[in-house]
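Student: Here it is, the structure, as structure tokens.
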Amino acid sequence: MKRMMITGALGQIGSELTVKLRETYGKENVLATDIKMDDREISTDGPFQILDVMDGKTMLEVAKKFRADTILHLAALLSATAENNPVFAWNLNMGGLLNALETAKELGAQFFTPSSIGAFGPSTPKDGTPQDTIQRPTTMYGVNKVAGELLADYYFHRYGVDTRGLRFPGLISYQTPPGGGTTDYAVEIYYEAVKYGTYTSYIDKGTYLDMMYMPDALDSIIRLMEADGGKLKHRNAFNVTAMSVAPEEMASAIQKELPDFKMHYQVDPLRQQIAESWPNRLDATAAKEEWGFNPKFNLEAMTKDMIMKLKQKRI
């Protein structure tokens with residue numbers, strides 16, 4: 001990767017990935033784009049362009065002008081938000097992806113877009129979910145992700161576009177507020193614990209979901225994009241995970257750092273239903289074998305770091 005264009009740069013992953021890539025490859029080599037501009041450092045501390053991913057012509061023009069050799073397409077509507085507006089979610093998630101793939105094809109650029117545990121459904125094996133297994137999601141977000149995996153595969157096989165992707169679990173960050181995902185409780189619980197000392201979970205106890213701390217997610221993207229493409233068998237849908245946890249386990253980890261923390265439950269039927277349709281624990285063997293996936297943070301290490309960083313932010 002030498003000159004990178006990121007779509008959805010102000011979103012959950014993009015806001016931190018942009019900073020990481022600029023630190024790694026140089027500010028001048030990372031173009032951040034989003035449908036709006038705000039006063040965060042991303043918009044001012046390096047190249048930034050307002051871009052609607054539904055406008056494929058402009059996307060190509062912007063990428064060509066920047067001389068991008070890598071497209072990282074992150075713009076998307078997340079799971080719970082997508083379920084409340086499924087037609088818009090289809091149009092944005094699939095239309096934006098198609099435009100980004102076309103841009104990569106025209107420029108001969110390397111391409112990354114994230115998939116998700118949402119690509120699985122209730123008929124998928126829930127424990128030790130294999131890399132290659134049945135995918136019959138029951139949400140619009142999940143349908144988008146499965147279609148996106150297939151579309152990226154198609155552009156690789158049909159046009160030779162160097163497409164790559166990860167099936168992310170829930171991502172936890174001290175920098176980026178929740179953005180409408182089913183696993184957002186795992187971010188909210190830390191913010192609320194530090195700020196109020198209590199949290200009411202919309203996901204029920206005993207509901208296991210895969211999670212990953214954002215620093216591991218960012219390192220995984222860079223490691224995958226730098227990997228030898230000749231060794232990649234799966235390319236667009238690597239299972240990755242760092243931990244499988246239920247809400248009460250996260251609460252227990254927080255109580256070791258904040259003994260007075262209290263956890264309550266008020267289950268949201270929609271998000272609970274989505275969560276129950278996803279795997280409990282993914283098998284990330286393919287990612288480890290094909291490009292050296294190796295997360296550094298477990299639940300305890302992440303919890304210590306999250307609470308320390310949130311206290312420093314004075315949220």
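Each chain in the structure tokens gets a letter, A, B, ..., in the order shown, and its residues are numbered from 1; ligands are numbered from 1 in order too.
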Return as JSON lines the residues of segment 231-261 of chain A lying at most 10 Å from segment 146-164 of chain A, together with the closest atom-to-atom pair for each and the distance in Å to one decimal, counting only C-alpha atoms, with rows in chain order and ascending residue number.
Tutor:
{"residue": "A:Leu232", "atom": "CA", "partner": "A:Arg164", "partner_atom": "CA", "distance": 9.0}
{"residue": "A:His234", "atom": "CA", "partner": "A:Arg164", "partner_atom": "CA", "distance": 8.4}
{"residue": "A:Arg235", "atom": "CA", "partner": "A:Arg164", "partner_atom": "CA", "distance": 4.7}
{"residue": "A:Asn236", "atom": "CA", "partner": "A:Arg164", "partner_atom": "CA", "distance": 4.5}
{"residue": "A:Ala237", "atom": "CA", "partner": "A:Glu149", "partner_atom": "CA", "distance": 6.3}
{"residue": "A:Phe238", "atom": "CA", "partner": "A:Arg164", "partner_atom": "CA", "distance": 8.7}
Student: Export, as an mmCIF file, in the first residue's frame, the selected residues with C-alpha atoms.
Tutor:
data_model
loop_
_atom_site.group_PDB
_atom_site.id
_atom_site.type_symbol
_atom_site.label_atom_id
_atom_site.label_comp_id
_atom_site.auth_asym_id
_atom_site.auth_seq_id
_atom_site.Cartn_x
_atom_site.Cartn_y
_atom_site.Cartn_z
ATOM 1 C CA LEU A 232 -4.432 -16.269 0.466
ATOM 2 C CA HIS A 234 -10.081 -17.124 1.249
ATOM 3 C CA ARG A 235 -9.288 -13.436 0.615
ATOM 4 C CA ASN A 236 -12.623 -11.688 1.283
ATOM 5 C CA ALA A 237 -14.061 -13.331 4.351
ATOM 6 C CA PHE A 238 -11.484 -14.384 6.941
#
Student: Extract the full set of helix (DSSP H, G or I) residues from segment 58-240 of chain A according to DSSP on the backbone, and format it as a PyMOL selection string.
Tutor: chain A and resi 58-66+79-84+86-107+117-119+140-159+182-195+214-226+229-231
Student: Write out as a list in words each polymer residue whose atoms come within 10 Å of Thr303 of chain A, counting only C-alpha atoms; drop sequence neighbours fewer than 4 positions from it.
Tutor: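 The residues that qualify are Ile172, Tyr190, Tyr213, Met250, Ala251, Ala253, Ile254, Gln255, Lys256, Glu257, Phe297, Asn298, Leu299, Ile307, Met308 and Lys309 of chain A.
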Student: Report as a VMD selection string all protein, DNA and RNA residues lying within 12 Å of segment 39-41 of chain A, evaluated on only C-alpha atoms, omitting residues in the same chain fewer than 5 positions from it.
Tutor: chain A and resid 9 to 11 15 to 16 18 to 19 22 27 32 46 to 48 175 to 176
Student: Expressed in Å to a single decimal, how great is the separation between atom CA of Leu107 of chain A and atom CA of Leu60 of chain A?
Tutor: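 Atom-to-atom, atom CA of Leu107 of chain A to atom CA of Leu60 of chain A, that is 8.4 Å.
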Student: Could you pull out the strand (DSSP E) residues of segment 125-301 of chain A from DSSP and send them as JSON, numbers by chain?
Tutor: {"A": [127, 128, 129, 163, 164, 166, 167, 168, 170, 171, 172, 198, 199, 200, 201, 209, 210, 211, 212, 213, 238, 239, 243, 244, 245, 262, 263, 264, 265, 281, 282]}
Student: Compare A:Asp204, A:Glu290, A:Asp132, A:Asp216 by their minimum atom-to-atom distance to Asp228 of chain A, counting only C-alpha atoms, and give me the closest one.
Tutor: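 Ranking A:Asp204, A:Glu290, A:Asp132, A:Asp216 by distance to Asp228 of chain A, first place goes to A:Glu290.
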Student: Segment 97-101 of chain A: which residues within 10 Å, counting only C-alpha atoms, same-chain residues fewer than 5 positions away excluded, as a PyMOL selection string?
Tutor: chain A and resi 7+53-60+63+71-76+91-92+106-107+109-113+144+148+151-152+155-156+161+163
Student: I need the residues from that last selection saved to file as a compact mmCIF listing (two decimals), in the first residue's frame (with N, CA and C atoms), if you can.
Tutor:
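Printed below is result-v4.txt as written:
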# COMPACT_ATOMS: atom_id res chain seq x y z
N THR A 7 -13.14 5.22 2.25
CA THR A 7 -14.52 5.71 2.31
C THR A 7 -15.06 5.44 3.71
N VAL A 53 -20.70 7.82 -1.49
CA VAL A 53 -20.30 6.57 -2.15
C VAL A 53 -21.32 6.10 -3.18
N MET A 54 -22.52 6.68 -3.16
CA MET A 54 -23.52 6.34 -4.16
C MET A 54 -23.22 7.00 -5.51
N ASP A 55 -22.29 7.92 -5.52
CA ASP A 55 -21.90 8.63 -6.74
C ASP A 55 -20.61 8.00 -7.28
N GLY A 56 -20.77 6.97 -8.10
CA GLY A 56 -19.63 6.22 -8.59
C GLY A 56 -18.71 7.03 -9.49
N LYS A 57 -19.28 7.92 -10.28
CA LYS A 57 -18.47 8.74 -11.18
C LYS A 57 -17.51 9.63 -10.40
N THR A 58 -18.04 10.30 -9.37
CA THR A 58 -17.20 11.17 -8.56
C THR A 58 -16.17 10.36 -7.77
N MET A 59 -16.58 9.18 -7.28
CA MET A 59 -15.64 8.34 -6.55
C MET A 59 -14.42 8.02 -7.41
N LEU A 60 -14.66 7.63 -8.65
CA LEU A 60 -13.56 7.32 -9.55
C LEU A 60 -12.70 8.54 -9.82
N ALA A 63 -10.54 9.27 -6.68
CA ALA A 63 -9.48 8.27 -6.52
C ALA A 63 -8.40 8.45 -7.59
N ILE A 71 -7.88 0.97 -2.24
CA ILE A 71 -9.20 1.47 -1.83
C ILE A 71 -9.64 0.68 -0.60
N LEU A 72 -9.90 1.38 0.50
CA LEU A 72 -10.44 0.74 1.70
C LEU A 72 -11.87 1.24 1.88
N HIS A 73 -12.82 0.38 1.54
CA HIS A 73 -14.23 0.80 1.50
C HIS A 73 -14.92 0.41 2.80
N LEU A 74 -15.19 1.41 3.63
CA LEU A 74 -15.76 1.18 4.96
C LEU A 74 -17.17 1.75 5.12
N ALA A 75 -17.62 2.56 4.17
CA ALA A 75 -18.93 3.21 4.29
C ALA A 75 -20.05 2.17 4.25
N ALA A 76 -20.86 2.13 5.30
CA ALA A 76 -21.96 1.15 5.36
C ALA A 76 -22.90 1.50 6.50
N ASN A 91 -29.50 -0.30 -0.72
CA ASN A 91 -29.03 0.66 -1.73
C ASN A 91 -27.67 1.24 -1.37
N LEU A 92 -27.49 1.60 -0.09
CA LEU A 92 -26.22 2.19 0.33
C LEU A 92 -25.12 1.15 0.40
N GLU A 106 -10.97 -0.10 -12.28
CA GLU A 106 -10.50 0.87 -13.27
C GLU A 106 -9.07 1.32 -12.98
N LEU A 107 -8.70 1.41 -11.71
CA LEU A 107 -7.38 1.90 -11.35
C LEU A 107 -6.36 0.78 -11.13
N ALA A 109 -6.34 -1.07 -8.52
CA ALA A 109 -5.98 -0.85 -7.12
C ALA A 109 -6.27 -2.07 -6.26
N GLN A 110 -5.51 -2.21 -5.19
CA GLN A 110 -5.81 -3.20 -4.17
C GLN A 110 -7.06 -2.76 -3.44
N PHE A 111 -7.84 -3.72 -2.90
CA PHE A 111 -9.15 -3.39 -2.36
C PHE A 111 -9.40 -4.12 -1.04
N PHE A 112 -9.95 -3.37 -0.07
CA PHE A 112 -10.37 -3.98 1.19
C PHE A 112 -11.77 -3.51 1.55
N THR A 113 -12.62 -4.43 2.02
CA THR A 113 -13.88 -4.06 2.65
C THR A 113 -14.18 -5.08 3.73
N ASN A 144 -26.53 -8.25 3.03
CA ASN A 144 -25.56 -7.36 2.39
C ASN A 144 -24.14 -7.91 2.51
N GLY A 148 -21.79 -9.06 -0.37
CA GLY A 148 -20.53 -8.35 -0.52
C GLY A 148 -19.33 -9.28 -0.62
N LEU A 151 -19.50 -10.72 -4.09
CA LEU A 151 -19.19 -9.72 -5.10
C LEU A 151 -17.69 -9.45 -5.16
N ALA A 152 -17.05 -9.36 -3.99
CA ALA A 152 -15.60 -9.16 -3.96
C ALA A 152 -14.88 -10.36 -4.57
N TYR A 155 -15.13 -10.04 -8.36
CA TYR A 155 -14.21 -9.07 -8.96
C TYR A 155 -12.77 -9.58 -8.96
N PHE A 156 -12.43 -10.43 -8.00
CA PHE A 156 -11.11 -11.05 -8.02
C PHE A 156 -10.99 -12.05 -9.16
N VAL A 161 -9.07 -8.10 -9.63
CA VAL A 161 -8.91 -7.10 -8.58
C VAL A 161 -8.41 -7.80 -7.30
N THR A 163 -8.78 -8.20 -4.14
CA THR A 163 -9.75 -7.93 -3.08
C THR A 163 -9.41 -8.73 -1.83
Student: Which value, in Å to one decimal, gives the distance between atom CA of Val267 of chain A and atom CA of Ile189 of chain A?
Tutor: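 Value for the atom CA of Val267 of chain A-atom CA of Ile189 of chain A distance: 14.2 Å.
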